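Asker: Pasting my_file18.pdb below, which is PDB, C-alpha atoms and all ligand atoms.
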```pdb
ATOM      1  CA  MET A  43     -34.559  -4.737  31.780
ATOM      2  CA  GLN A  44     -31.707  -2.236  32.097
ATOM      3  CA  GLU A  45     -29.734  -4.199  29.510
ATOM      4  CA  GLN A  46     -32.648  -4.202  27.081
ATOM      5  CA  GLY A  47     -32.922  -0.449  27.471
ATOM      6  CA  GLN A  48     -29.231  -0.071  26.597
ATOM      7  CA  GLN A  49     -29.569  -2.263  23.496
ATOM      8  CA  ALA A  50     -32.647  -0.348  22.350
ATOM      9  CA  ARG A  51     -30.810   2.979  22.754
ATOM     10  CA  GLU A  52     -27.856   1.736  20.691
ATOM     11  CA  GLU A  53     -30.069   0.324  17.944
ATOM     12  CA  GLY A  54     -32.219   3.436  17.961
ATOM     13  CA  LEU A  55     -29.176   5.605  17.290
ATOM     14  CA  VAL A  56     -28.072   3.427  14.353
ATOM     15  CA  ALA A  57     -31.582   3.648  12.882
ATOM     16  CA  ALA A  58     -31.662   7.439  13.315
ATOM     17  CA  VAL A  59     -28.290   7.883  11.572
ATOM     18  CA  VAL A  60     -29.291   5.609   8.671
ATOM     19  CA  GLU A  61     -32.645   7.430   8.395
ATOM     20  CA  SER A  62     -30.870  10.821   8.275
ATOM     21  CA  PHE A  63     -29.641   9.997   4.751
ATOM     22  CA  HIS A  64     -33.086   9.128   3.377
ATOM     23  CA  ALA A  65     -33.451  12.322   1.327
ATOM     24  CA  THR A  66     -30.074  12.014  -0.451
ATOM     25  CA  PRO A  67     -30.881  12.738  -4.128
ATOM     26  CA  ASP A  68     -28.148  10.414  -5.456
ATOM     27  CA  ALA A  69     -29.359   6.854  -4.755
ATOM     28  CA  ARG A  70     -25.845   5.382  -4.835
ATOM     29  CA  LEU A  71     -24.538   7.969  -2.341
ATOM     30  CA  ARG A  72     -27.509   7.240  -0.111
ATOM     31  CA  SER A  73     -26.846   3.494  -0.042
ATOM     32  CA  LEU A  74     -23.099   4.024   0.534
ATOM     33  CA  MET A  75     -23.744   6.326   3.502
ATOM     34  CA  GLU A  76     -26.366   4.015   4.983
ATOM     35  CA  ALA A  77     -24.057   0.983   4.760
ATOM     36  CA  LEU A  78     -21.091   2.978   6.103
ATOM     37  CA  SER A  79     -23.193   4.096   9.090
ATOM     38  CA  ARG A  80     -24.364   0.533   9.839
ATOM     39  CA  HIS A  81     -20.845  -0.931   9.637
ATOM     40  CA  LEU A  82     -19.169   1.835  11.659
ATOM     41  CA  HIS A  83     -21.747   1.516  14.413
ATOM     42  CA  ALA A  84     -21.427  -2.282  14.363
ATOM     43  CA  PHE A  85     -17.662  -1.842  14.932
ATOM     44  CA  VAL A  86     -18.163   0.529  17.871
ATOM     45  CA  ARG A  87     -20.777  -1.738  19.443
ATOM     46  CA  GLU A  88     -18.931  -5.018  18.856
ATOM     47  CA  THR A  89     -15.620  -3.743  20.288
ATOM     48  CA  ARG A  90     -17.304  -1.616  23.016
ATOM     49  CA  LEU A  91     -14.908   1.122  21.821
ATOM     50  CA  SER A  92     -13.595   3.218  24.728
ATOM     51  CA  GLU A  93     -13.518   7.017  24.529
ATOM     52  CA  GLU A  94      -9.690   6.936  24.708
ATOM     53  CA  GLU A  95      -9.636   4.523  21.764
ATOM     54  CA  TRP A  96     -11.994   6.789  19.806
ATOM     55  CA  ARG A  97      -9.595   9.715  20.498
ATOM     56  CA  ALA A  98      -6.581   7.598  19.427
ATOM     57  CA  GLY A  99      -8.390   6.837  16.161
ATOM     58  CA  ILE A 100      -9.011  10.543  15.530
ATOM     59  CA  ASP A 101      -5.362  11.341  16.343
ATOM     60  CA  PHE A 102      -4.200   8.612  13.930
ATOM     61  CA  LEU A 103      -6.282   9.998  11.051
ATOM     62  CA  THR A 104      -5.138  13.544  11.873
ATOM     63  CA  ALA A 105      -1.474  12.426  11.697
ATOM     64  CA  ALA A 106      -2.172  10.654   8.381
ATOM     65  CA  GLY A 107      -3.564  13.925   7.035
ATOM     66  CA  HIS A 108      -0.609  15.969   8.226
ATOM     67  CA  ILE A 109       2.012  13.750   6.543
ATOM     68  CA  THR A 110       0.098  13.550   3.245
ATOM     69  CA  ASP A 111       1.191  15.852   0.406
ATOM     70  CA  ALA A 112       1.721  15.683  -3.373
ATOM     71  CA  ARG A 113       4.473  13.042  -2.996
ATOM     72  CA  ARG A 114       3.247  11.143   0.064
ATOM     73  CA  GLN A 115      -0.227   9.588   0.329
ATOM     74  CA  GLU A 116      -0.696   8.079   3.783
ATOM     75  CA  PHE A 117      -4.389   7.268   3.269
ATOM     76  CA  VAL A 118      -3.630   5.066   0.254
ATOM     77  CA  LEU A 119      -0.980   3.308   2.348
ATOM     78  CA  LEU A 120      -3.542   2.787   5.106
ATOM     79  CA  SER A 121      -6.027   1.371   2.601
ATOM     80  CA  ASP A 122      -3.252  -0.868   1.208
ATOM     81  CA  VAL A 123      -2.120  -2.356   4.545
ATOM     82  CA  LEU A 124      -5.742  -3.021   5.555
ATOM     83  CA  GLY A 125      -6.243  -4.955   2.293
ATOM     84  CA  VAL A 126      -8.985  -2.519   1.258
ATOM     85  CA  SER A 127      -7.178  -1.523  -1.967
ATOM     86  CA  MET A 128      -6.784  -5.167  -2.986
ATOM     87  CA  GLN A 129     -10.376  -6.012  -2.075
ATOM     88  CA  THR A 130     -11.634  -3.081  -4.170
ATOM     89  CA  ILE A 131      -9.576  -4.394  -7.105
ATOM     90  CA  GLN A 132     -10.991  -7.909  -6.675
ATOM     91  CA  VAL A 133     -14.551  -6.618  -6.554
ATOM     92  CA  ASN A 134     -14.014  -4.549  -9.713
ATOM     93  CA  ASN A 135     -11.975  -7.015 -11.785
ATOM     94  CA  GLU A 136     -13.893 -10.245 -11.649
ATOM     95  CA  ALA A 137     -12.169 -13.253 -13.210
ATOM     96  CA  TYR A 138     -12.930 -13.483 -16.939
ATOM     97  CA  ALA A 139     -11.833 -16.551 -18.926
ATOM     98  CA  ASP A 140      -8.031 -16.693 -18.810
ATOM     99  CA  ALA A 141      -7.546 -12.911 -18.493
ATOM    100  CA  THR A 142      -4.460 -11.948 -16.471
ATOM    101  CA  GLU A 143      -5.241 -11.101 -12.834
ATOM    102  CA  ALA A 144      -5.034  -7.518 -11.576
ATOM    103  CA  THR A 145      -3.279  -6.265  -8.459
ATOM    104  CA  VAL A 146      -2.618  -2.955  -6.700
ATOM    105  CA  LEU A 147      -1.450   0.142  -8.624
ATOM    106  CA  GLY A 148       0.642   1.367  -5.686
ATOM    107  CA  PRO A 149       1.690   4.948  -5.019
ATOM    108  CA  PHE A 150       4.592   5.201  -7.516
ATOM    109  CA  PHE A 151       2.903   5.211 -10.938
ATOM    110  CA  VAL A 152       3.696   8.390 -12.870
ATOM    111  CA  ALA A 153       1.747   9.300 -16.025
ATOM    112  CA  GLY A 154       3.796  10.339 -19.043
ATOM    113  CA  ALA A 155       6.755   7.975 -18.582
ATOM    114  CA  PRO A 156       9.393   8.130 -21.351
ATOM    115  CA  GLU A 157       8.741   6.156 -24.563
ATOM    116  CA  VAL A 158      11.095   3.171 -24.841
ATOM    117  CA  GLU A 159      11.691   1.292 -28.107
ATOM    118  CA  LEU A 160      11.079  -2.474 -28.087
ATOM    119  CA  GLY A 161      14.335  -4.057 -26.925
ATOM    120  CA  GLY A 162      15.339  -0.817 -25.168
ATOM    121  CA  ASP A 163      16.267  -0.338 -21.519
ATOM    122  CA  ILE A 164      13.814   1.246 -19.068
ATOM    123  CA  ALA A 165      16.500   1.582 -16.356
ATOM    124  CA  GLY A 166      17.377   5.121 -17.442
ATOM    125  CA  GLY A 167      20.420   5.142 -15.187
ATOM    126  CA  ALA A 168      18.841   3.408 -12.175
ATOM    127  CA  ALA A 169      21.218   0.890 -10.567
ATOM    128  CA  GLY A 170      20.489  -2.827 -10.454
ATOM    129  CA  GLU A 171      21.000  -6.205 -12.065
ATOM    130  CA  PRO A 172      19.826  -6.208 -15.710
ATOM    131  CA  CYS A 173      16.670  -8.218 -16.424
ATOM    132  CA  TRP A 174      15.419  -9.187 -19.904
ATOM    133  CA  VAL A 175      11.609  -9.134 -20.011
ATOM    134  CA  GLN A 176       9.621 -10.469 -22.929
ATOM    135  CA  GLY A 177       6.110 -11.649 -23.624
ATOM    136  CA  SER A 178       2.947 -11.064 -25.588
ATOM    137  CA  VAL A 179      -0.398  -9.298 -25.259
ATOM    138  CA  ARG A 180      -3.459 -11.240 -26.438
ATOM    139  CA  ASP A 181      -7.228 -11.200 -26.051
ATOM    140  CA  THR A 182      -9.180 -14.012 -24.377
ATOM    141  CA  GLU A 183      -9.675 -15.656 -27.810
ATOM    142  CA  GLY A 184      -5.894 -15.941 -28.139
ATOM    143  CA  GLU A 185      -5.660 -13.248 -30.822
ATOM    144  CA  PRO A 186      -2.636 -10.931 -30.578
ATOM    145  CA  LEU A 187      -3.233  -7.272 -29.729
ATOM    146  CA  PRO A 188      -0.741  -5.346 -31.899
ATOM    147  CA  GLY A 189       0.057  -1.862 -30.627
ATOM    148  CA  ALA A 190      -1.081  -2.613 -27.048
ATOM    149  CA  VAL A 191       0.480  -0.006 -24.747
ATOM    150  CA  LEU A 192       2.537  -1.216 -21.787
ATOM    151  CA  GLU A 193       3.620   1.064 -18.955
ATOM    152  CA  VAL A 194       6.216  -0.555 -16.709
ATOM    153  CA  TRP A 195       7.867   0.731 -13.546
ATOM    154  CA  GLU A 196       9.924  -0.549 -10.639
ATOM    155  CA  CYS A 197      12.365   0.383  -7.869
ATOM    156  CA  ASP A 198      16.166   0.400  -8.126
ATOM    157  CA  GLU A 199      18.538  -1.971  -6.309
ATOM    158  CA  ASP A 200      18.221   0.175  -3.157
ATOM    159  CA  GLY A 201      14.461  -0.413  -3.099
ATOM    160  CA  LEU A 202      13.631   3.180  -4.076
ATOM    161  CA  TYR A 203      11.507   4.498  -6.948
ATOM    162  CA  ASP A 204      12.799   7.498  -8.892
ATOM    163  CA  VAL A 205      10.201   9.785  -7.246
ATOM    164  CA  GLN A 206      11.618   8.885  -3.812
ATOM    165  CA  HIS A 207      15.021  10.303  -4.766
ATOM    166  CA  GLU A 208      15.774  14.016  -4.521
ATOM    167  CA  GLY A 209      15.360  15.951  -7.775
ATOM    168  CA  GLU A 210      13.295  15.387 -10.887
ATOM    169  CA  ARG A 211      15.141  12.367 -12.334
ATOM    170  CA  THR A 212      13.002   9.816 -14.217
ATOM    171  CA  ALA A 213      14.341   6.254 -14.087
ATOM    172  CA  ALA A 214      13.234   2.623 -14.063
ATOM    173  CA  ARG A 215       9.994   3.401 -15.857
ATOM    174  CA  GLY A 216       8.912   3.446 -19.470
ATOM    175  CA  ARG A 217       6.117   3.177 -21.987
ATOM    176  CA  LEU A 218       6.309   0.602 -24.783
ATOM    177  CA  ARG A 219       4.115  -0.532 -27.636
ATOM    178  CA  ALA A 220       3.651  -4.209 -28.565
ATOM    179  CA  ASP A 221       4.705  -5.041 -32.157
ATOM    180  CA  GLU A 222       2.462  -6.237 -35.020
ATOM    181  CA  ARG A 223       2.410  -9.747 -33.479
ATOM    182  CA  GLY A 224       1.413  -8.373 -30.055
ATOM    183  CA  GLU A 225       4.856  -9.117 -28.658
ATOM    184  CA  PHE A 226       7.166  -7.018 -26.510
ATOM    185  CA  ARG A 227      10.689  -7.174 -25.116
ATOM    186  CA  PHE A 228      12.779  -4.798 -23.036
ATOM    187  CA  TRP A 229      15.593  -4.545 -20.514
ATOM    188  CA  ALA A 230      14.698  -3.666 -16.918
ATOM    189  CA  LEU A 231      16.179  -4.415 -13.484
ATOM    190  CA  THR A 232      15.738  -7.617 -11.482
ATOM    191  CA  PRO A 233      13.122  -6.602  -8.874
ATOM    192  CA  VAL A 234      14.184  -6.461  -5.219
ATOM    193  CA  PRO A 235      12.046  -6.330  -2.041
ATOM    194  CA  TYR A 236      11.413  -2.874  -0.587
ATOM    195  CA  PRO A 237       9.512  -1.464   2.389
ATOM    196  CA  ILE A 238       6.459   0.733   1.904
ATOM    197  CA  PRO A 239       7.088   4.182   3.462
ATOM    198  CA  HIS A 240       6.935   3.334   7.175
ATOM    199  CA  ASP A 241       8.160   6.491   8.922
ATOM    200  CA  GLY A 242       4.601   7.756   9.510
ATOM    201  CA  PRO A 243       1.409   6.684  11.281
ATOM    202  CA  VAL A 244       0.924   3.618   9.041
ATOM    203  CA  GLY A 245       4.475   2.484   9.866
ATOM    204  CA  ARG A 246       3.739   2.883  13.581
ATOM    205  CA  LEU A 247       0.568   0.834  13.139
ATOM    206  CA  LEU A 248       2.547  -1.959  11.437
ATOM    207  CA  GLU A 249       5.132  -1.880  14.231
ATOM    208  CA  ALA A 250       2.494  -1.986  16.977
ATOM    209  CA  THR A 251       0.889  -5.004  15.319
ATOM    210  CA  ALA A 252       4.179  -6.870  14.658
ATOM    211  CA  ARG A 253       3.716  -6.652  10.880
ATOM    212  CA  SER A 254       6.419  -6.231   8.251
ATOM    213  CA  PRO A 255       6.398  -3.192   5.929
ATOM    214  CA  MET A 256       8.102  -5.223   3.143
ATOM    215  CA  ARG A 257       6.626  -5.767  -0.287
ATOM    216  CA  ALA A 258       7.418  -8.922  -2.239
ATOM    217  CA  PRO A 259       9.789  -8.079  -5.149
ATOM    218  CA  HIS A 260       7.805  -7.143  -8.274
ATOM    219  CA  LEU A 261       7.686  -5.324 -11.611
ATOM    220  CA  HIS A 262       4.628  -3.113 -12.280
ATOM    221  CA  PHE A 263       2.591  -3.234 -15.517
ATOM    222  CA  LEU A 264      -0.304  -1.119 -16.780
ATOM    223  CA  VAL A 265      -1.510  -2.554 -20.096
ATOM    224  CA  SER A 266      -4.166  -1.111 -22.379
ATOM    225  CA  ALA A 267      -5.584  -1.775 -25.836
ATOM    226  CA  PRO A 268      -8.706  -0.505 -27.628
ATOM    227  CA  GLY A 269     -11.851  -2.445 -26.628
ATOM    228  CA  ARG A 270     -10.043  -4.195 -23.756
ATOM    229  CA  ARG A 271     -10.287  -3.817 -19.977
ATOM    230  CA  THR A 272      -7.158  -1.939 -18.846
ATOM    231  CA  LEU A 273      -4.995  -4.220 -16.733
ATOM    232  CA  ILE A 274      -3.083  -2.949 -13.693
ATOM    233  CA  THR A 275      -0.851  -5.674 -12.359
ATOM    234  CA  HIS A 276       2.648  -6.809 -11.298
ATOM    235  CA  ILE A 277       4.742  -9.883 -11.813
ATOM    236  CA  PHE A 278       6.350 -11.224  -8.643
ATOM    237  CA  VAL A 279       9.745 -12.864  -8.383
ATOM    238  CA  ASP A 280       9.423 -16.452  -7.236
ATOM    239  CA  GLY A 281      11.841 -17.132  -4.405
ATOM    240  CA  ALA A 282      12.592 -16.969  -0.713
ATOM    241  CA  GLU A 283      11.556 -13.333  -0.213
ATOM    242  CA  LEU A 284       8.098 -13.987  -1.620
ATOM    243  CA  ARG A 285       7.568 -17.222   0.306
ATOM    244  CA  CYS A 286       8.924 -16.018   3.671
ATOM    245  CA  GLY A 287       8.292 -12.289   3.752
ATOM    246  CA  GLY A 288       4.753 -12.128   2.422
ATOM    247  CA  ASP A 289       3.515  -8.808   1.103
ATOM    248  CA  ALA A 290       2.468  -5.859   3.289
ATOM    249  CA  VAL A 291      -0.365  -4.896   0.929
ATOM    250  CA  PHE A 292      -1.747  -8.382   0.109
ATOM    251  CA  GLY A 293      -1.001  -7.918  -3.607
ATOM    252  CA  VAL A 294       0.425 -11.349  -4.445
ATOM    253  CA  ARG A 295      -1.609 -13.628  -6.707
ATOM    254  CA  GLU A 296      -0.217 -17.077  -7.417
ATOM    255  CA  SER A 297      -0.897 -16.622 -11.150
ATOM    256  CA  LEU A 298       1.392 -13.563 -11.185
ATOM    257  CA  VAL A 299       4.463 -15.278  -9.720
ATOM    258  CA  ARG A 300       7.194 -15.841 -12.304
ATOM    259  CA  GLU A 301      10.570 -17.466 -12.262
ATOM    260  CA  PHE A 302      13.266 -14.883 -13.021
ATOM    261  CA  GLU A 303      15.963 -17.159 -14.442
ATOM    262  CA  ARG A 304      19.435 -16.202 -13.278
ATOM    263  CA  ARG A 305      22.199 -16.074 -15.935
ATOM    264  CA  PRO A 306      25.820 -16.100 -14.780
ATOM    265  CA  PRO A 307      28.268 -13.470 -16.073
ATOM    266  CA  GLY A 308      29.296 -14.169 -19.649
ATOM    267  CA  THR A 309      25.999 -15.826 -20.677
ATOM    268  CA  PRO A 310      25.107 -14.436 -24.134
ATOM    269  CA  THR A 311      22.110 -12.077 -24.006
ATOM    270  CA  PRO A 312      19.050 -12.410 -26.311
ATOM    271  CA  ASP A 313      19.891  -9.205 -28.184
ATOM    272  CA  GLY A 314      23.694  -9.436 -28.057
ATOM    273  CA  ARG A 315      24.021  -6.734 -25.395
ATOM    274  CA  GLU A 316      27.440  -6.864 -23.707
ATOM    275  CA  LEU A 317      27.134  -7.043 -19.921
ATOM    276  CA  GLY A 318      30.774  -7.850 -19.142
ATOM    277  CA  GLU A 319      31.194  -9.323 -15.688
ATOM    278  CA  ARG A 320      27.591  -8.785 -14.666
ATOM    279  CA  SER A 321      25.003 -11.479 -14.075
ATOM    280  CA  TRP A 322      21.507 -10.918 -15.455
ATOM    281  CA  THR A 323      18.057 -12.502 -15.287
ATOM    282  CA  SER A 324      15.267 -13.168 -17.742
ATOM    283  CA  VAL A 325      11.529 -13.571 -17.401
ATOM    284  CA  ARG A 326       8.548 -14.154 -19.687
ATOM    285  CA  PHE A 327       5.099 -12.613 -19.121
ATOM    286  CA  ASP A 328       2.255 -13.434 -21.500
ATOM    287  CA  ILE A 329      -0.621 -11.042 -20.875
ATOM    288  CA  VAL A 330      -4.287 -11.690 -21.619
ATOM    289  CA  LEU A 331      -6.729  -8.755 -21.623
ATOM    290  CA  ALA A 332     -10.461  -9.189 -20.913
ATOM    291  CA  PRO A 333     -12.970  -7.347 -23.117
ATOM    292  CA  ALA A 334     -13.900  -3.850 -21.919
ATOM    293  CA  GLY A 335     -16.957  -4.022 -19.667
ATOM    294  CA  ALA A 336     -16.364  -7.718 -18.858
TER     295      ALA A 336
HETATM  296 FE    FE A 401       6.011  -1.337  -6.335
END
```
Show the structure stored in the file as structure tokens.
Answerer:
Amino acid sequence: MQEQGQQAREEGLVAAVVESFHATPDARLRSLMEALSRHLHAFVRETRLSEEEWRAGIDFLTAAGHITDARRQEFVLLSDVLGVSMQTIQVNNEAYADATEATVLGPFFVAGAPEVELGGDIAGGAAGEPCWVQGSVRDTEGEPLPGAVLEVWECDEDGLYDVQHEGERTAARGRLRADERGEFRFWALTPVPYPIPHDGPVGRLLEATARSPMRAPHLHFLVSAPGRRTLITHIFVDGAELRCGGDAVFGVRESLVREFERRPPGTPTPDGRELGERSWTSVRFDIVLAPAGA
């Protein structure tokens, strides 16, 4: 009897909270708040959340707020390591024909990257092993998309993006335009694994749960063309780091894994660039864009 009374009180509170949103003028906001209330209460009831645990949760979110500024976004990191960013992408980019799969944008995209000519080098002074990247941009009918815009960005050999270095330097990012046959080519750096920023509350969460902060090595792409769904994706380097280390943000899709072929020093480059005693790699990425609204 006592137990039934407890259950009724808990359910009554959930119903009252859901009901409190009934007059929300925006129907979408109303349904979001109702569902959020139901799921949050289900979590508290299922786990029998203690008051100390509730306080620890509040303290965690407070710390995430305090460390967040224009260059550091702890809430996006939290969303990423919980797989919520990736799930939101999956929900919003349903598979369409053979369109290239999307993955997380990540916190290091910067609008207005420098224009790079086809065949140019996006490194911009960033250190790392040279990597020749080429491919094409097509629609799902197989027709080339001339003039498609590609934004590409990546970390340097130390695992850091330009914005993580002191100063205003722009490096290892660029904006290119596919040629009249929808093809592109450029020099970049062979991607290396790097940790997501883990000196804050999200890092402490990963440590407490015996999880790695490492991301599988990757090169970021943002590809757009008129009438096409904009594609935010990466290509991942096939190899030991991907297979053993996993990816802290659940971004890896099998269809996005590419072999970066290693070329020993002295191997002639596709464009005749002299690399002296340096090794280099090459990779091909053929991109297919879904129709807008697909
Ligand atoms: Fe990245």
Asker: How would you write, as a PDB file with C-alpha atoms, in the coordinates of the input, the residues chosen by the PyMOL selection byres (((not hetatm)) within 12 of (chain A and resi 401)) on this structure?
Answerer:
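Output below, filename result_6.pdb:
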```pdb
ATOM      1  CA  ASP A 122      -3.252  -0.868   1.208  1.00  0.00           C
ATOM      2  CA  THR A 145      -3.279  -6.265  -8.459  1.00  0.00           C
ATOM      3  CA  VAL A 146      -2.618  -2.955  -6.700  1.00  0.00           C
ATOM      4  CA  LEU A 147      -1.450   0.142  -8.624  1.00  0.00           C
ATOM      5  CA  GLY A 148       0.642   1.367  -5.686  1.00  0.00           C
ATOM      6  CA  PRO A 149       1.690   4.948  -5.019  1.00  0.00           C
ATOM      7  CA  PHE A 150       4.592   5.201  -7.516  1.00  0.00           C
ATOM      8  CA  PHE A 151       2.903   5.211 -10.938  1.00  0.00           C
ATOM      9  CA  VAL A 152       3.696   8.390 -12.870  1.00  0.00           C
ATOM     10  CA  VAL A 194       6.216  -0.555 -16.709  1.00  0.00           C
ATOM     11  CA  TRP A 195       7.867   0.731 -13.546  1.00  0.00           C
ATOM     12  CA  GLU A 196       9.924  -0.549 -10.639  1.00  0.00           C
ATOM     13  CA  CYS A 197      12.365   0.383  -7.869  1.00  0.00           C
ATOM     14  CA  ASP A 198      16.166   0.400  -8.126  1.00  0.00           C
ATOM     15  CA  GLY A 201      14.461  -0.413  -3.099  1.00  0.00           C
ATOM     16  CA  LEU A 202      13.631   3.180  -4.076  1.00  0.00           C
ATOM     17  CA  TYR A 203      11.507   4.498  -6.948  1.00  0.00           C
ATOM     18  CA  ASP A 204      12.799   7.498  -8.892  1.00  0.00           C
ATOM     19  CA  VAL A 205      10.201   9.785  -7.246  1.00  0.00           C
ATOM     20  CA  GLN A 206      11.618   8.885  -3.812  1.00  0.00           C
ATOM     21  CA  ALA A 214      13.234   2.623 -14.063  1.00  0.00           C
ATOM     22  CA  ARG A 215       9.994   3.401 -15.857  1.00  0.00           C
ATOM     23  CA  PRO A 233      13.122  -6.602  -8.874  1.00  0.00           C
ATOM     24  CA  VAL A 234      14.184  -6.461  -5.219  1.00  0.00           C
ATOM     25  CA  PRO A 235      12.046  -6.330  -2.041  1.00  0.00           C
ATOM     26  CA  TYR A 236      11.413  -2.874  -0.587  1.00  0.00           C
ATOM     27  CA  PRO A 237       9.512  -1.464   2.389  1.00  0.00           C
ATOM     28  CA  ILE A 238       6.459   0.733   1.904  1.00  0.00           C
ATOM     29  CA  PRO A 239       7.088   4.182   3.462  1.00  0.00           C
ATOM     30  CA  MET A 256       8.102  -5.223   3.143  1.00  0.00           C
ATOM     31  CA  ARG A 257       6.626  -5.767  -0.287  1.00  0.00           C
ATOM     32  CA  ALA A 258       7.418  -8.922  -2.239  1.00  0.00           C
ATOM     33  CA  PRO A 259       9.789  -8.079  -5.149  1.00  0.00           C
ATOM     34  CA  HIS A 260       7.805  -7.143  -8.274  1.00  0.00           C
ATOM     35  CA  LEU A 261       7.686  -5.324 -11.611  1.00  0.00           C
ATOM     36  CA  HIS A 262       4.628  -3.113 -12.280  1.00  0.00           C
ATOM     37  CA  PHE A 263       2.591  -3.234 -15.517  1.00  0.00           C
ATOM     38  CA  ILE A 274      -3.083  -2.949 -13.693  1.00  0.00           C
ATOM     39  CA  THR A 275      -0.851  -5.674 -12.359  1.00  0.00           C
ATOM     40  CA  HIS A 276       2.648  -6.809 -11.298  1.00  0.00           C
ATOM     41  CA  ILE A 277       4.742  -9.883 -11.813  1.00  0.00           C
ATOM     42  CA  PHE A 278       6.350 -11.224  -8.643  1.00  0.00           C
ATOM     43  CA  ASP A 289       3.515  -8.808   1.103  1.00  0.00           C
ATOM     44  CA  ALA A 290       2.468  -5.859   3.289  1.00  0.00           C
ATOM     45  CA  VAL A 291      -0.365  -4.896   0.929  1.00  0.00           C
ATOM     46  CA  GLY A 293      -1.001  -7.918  -3.607  1.00  0.00           C
ATOM     47  CA  VAL A 294       0.425 -11.349  -4.445  1.00  0.00           C
TER      48      VAL A 294
END
```
Asker: Write out as JSON lines the residues of region 107-142 of chain A that have any atom within 12 Å of an atom of region 241-246 of chain A, one row each with the nearest atom pair and its distance in Å to one decimal, counting all atoms listed in the file, sorted by chain and then rising number.
Answerer:
```
{"residue": "A:Gly107", "atom": "CA", "partner": "A:Pro243", "partner_atom": "CA", "distance": 9.8}
{"residue": "A:His108", "atom": "CA", "partner": "A:Gly242", "partner_atom": "CA", "distance": 9.8}
{"residue": "A:Ile109", "atom": "CA", "partner": "A:Gly242", "partner_atom": "CA", "distance": 7.2}
{"residue": "A:Thr110", "atom": "CA", "partner": "A:Gly242", "partner_atom": "CA", "distance": 9.6}
{"residue": "A:Arg114", "atom": "CA", "partner": "A:Gly242", "partner_atom": "CA", "distance": 10.1}
{"residue": "A:Gln115", "atom": "CA", "partner": "A:Gly242", "partner_atom": "CA", "distance": 10.5}
{"residue": "A:Glu116", "atom": "CA", "partner": "A:Val244", "partner_atom": "CA", "distance": 7.1}
{"residue": "A:Phe117", "atom": "CA", "partner": "A:Val244", "partner_atom": "CA", "distance": 8.7}
{"residue": "A:Val118", "atom": "CA", "partner": "A:Val244", "partner_atom": "CA", "distance": 10.0}
{"residue": "A:Leu119", "atom": "CA", "partner": "A:Val244", "partner_atom": "CA", "distance": 7.0}
{"residue": "A:Leu120", "atom": "CA", "partner": "A:Val244", "partner_atom": "CA", "distance": 6.0}
{"residue": "A:Ser121", "atom": "CA", "partner": "A:Val244", "partner_atom": "CA", "distance": 9.7}
{"residue": "A:Asp122", "atom": "CA", "partner": "A:Val244", "partner_atom": "CA", "distance": 9.9}
{"residue": "A:Val123", "atom": "CA", "partner": "A:Val244", "partner_atom": "CA", "distance": 8.1}
{"residue": "A:Leu124", "atom": "CA", "partner": "A:Val244", "partner_atom": "CA", "distance": 10.0}
```
Asker: Measure the distance from CA of Glu199 (chain A) to CA of Arg217 (chain A) in Å and round it to one decimal.
Answerer: 20.7 Å
Asker: Counting only C-alpha atoms, figure out which residue out of A:Asp163, A:Glu76, A:Trp174, A:Glu52 gets nearest to Arg90 (chain A).
Answerer: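 Using only C-alpha atoms, Arg90 (chain A) sits closest to A:Glu52.
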Asker: Show me, as a list in words, the residues that have an atom within 9 Å of Phe327 (chain A) when counting only C-alpha atoms, minus same-chain residues fewer than 5 positions from it.
Answerer: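 Once the nearby chain positions are removed, what remains is Val175, Gln176, Gly177, Ser178, Val179, Ile277, Leu298 and Arg300 of chain A.
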Asker: Restricting it to C-alpha atoms, dump the selection as a short mmCIF file (atom, residue, chain, number, x, y, z; two decimals), keeping the file's coordinate frame.
Answerer:
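result06.cif was written with the following content:
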```cif
data_model
loop_
_atom_site.label_atom_id
_atom_site.label_comp_id
_atom_site.auth_asym_id
_atom_site.auth_seq_id
_atom_site.Cartn_x
_atom_site.Cartn_y
_atom_site.Cartn_z
CA VAL A 175 11.61 -9.13 -20.01
CA GLN A 176 9.62 -10.47 -22.93
CA GLY A 177 6.11 -11.65 -23.62
CA SER A 178 2.95 -11.06 -25.59
CA VAL A 179 -0.40 -9.30 -25.26
CA ILE A 277 4.74 -9.88 -11.81
CA LEU A 298 1.39 -13.56 -11.18
CA ARG A 300 7.19 -15.84 -12.30
#
```
Asker: Name the residues that the PyMOL selection byres (((chain A and resi 269) around 9) and not hetatm) pulls out of this structure, and write them as a list in words.
Answerer: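 So the PyMOL selection byres (((chain A and resi 269) around 9) and not hetatm), applied here, picks out Ser266, Ala267, Pro268, Arg270, Arg271, Ala332, Pro333, Ala334 and Gly335 of chain A.
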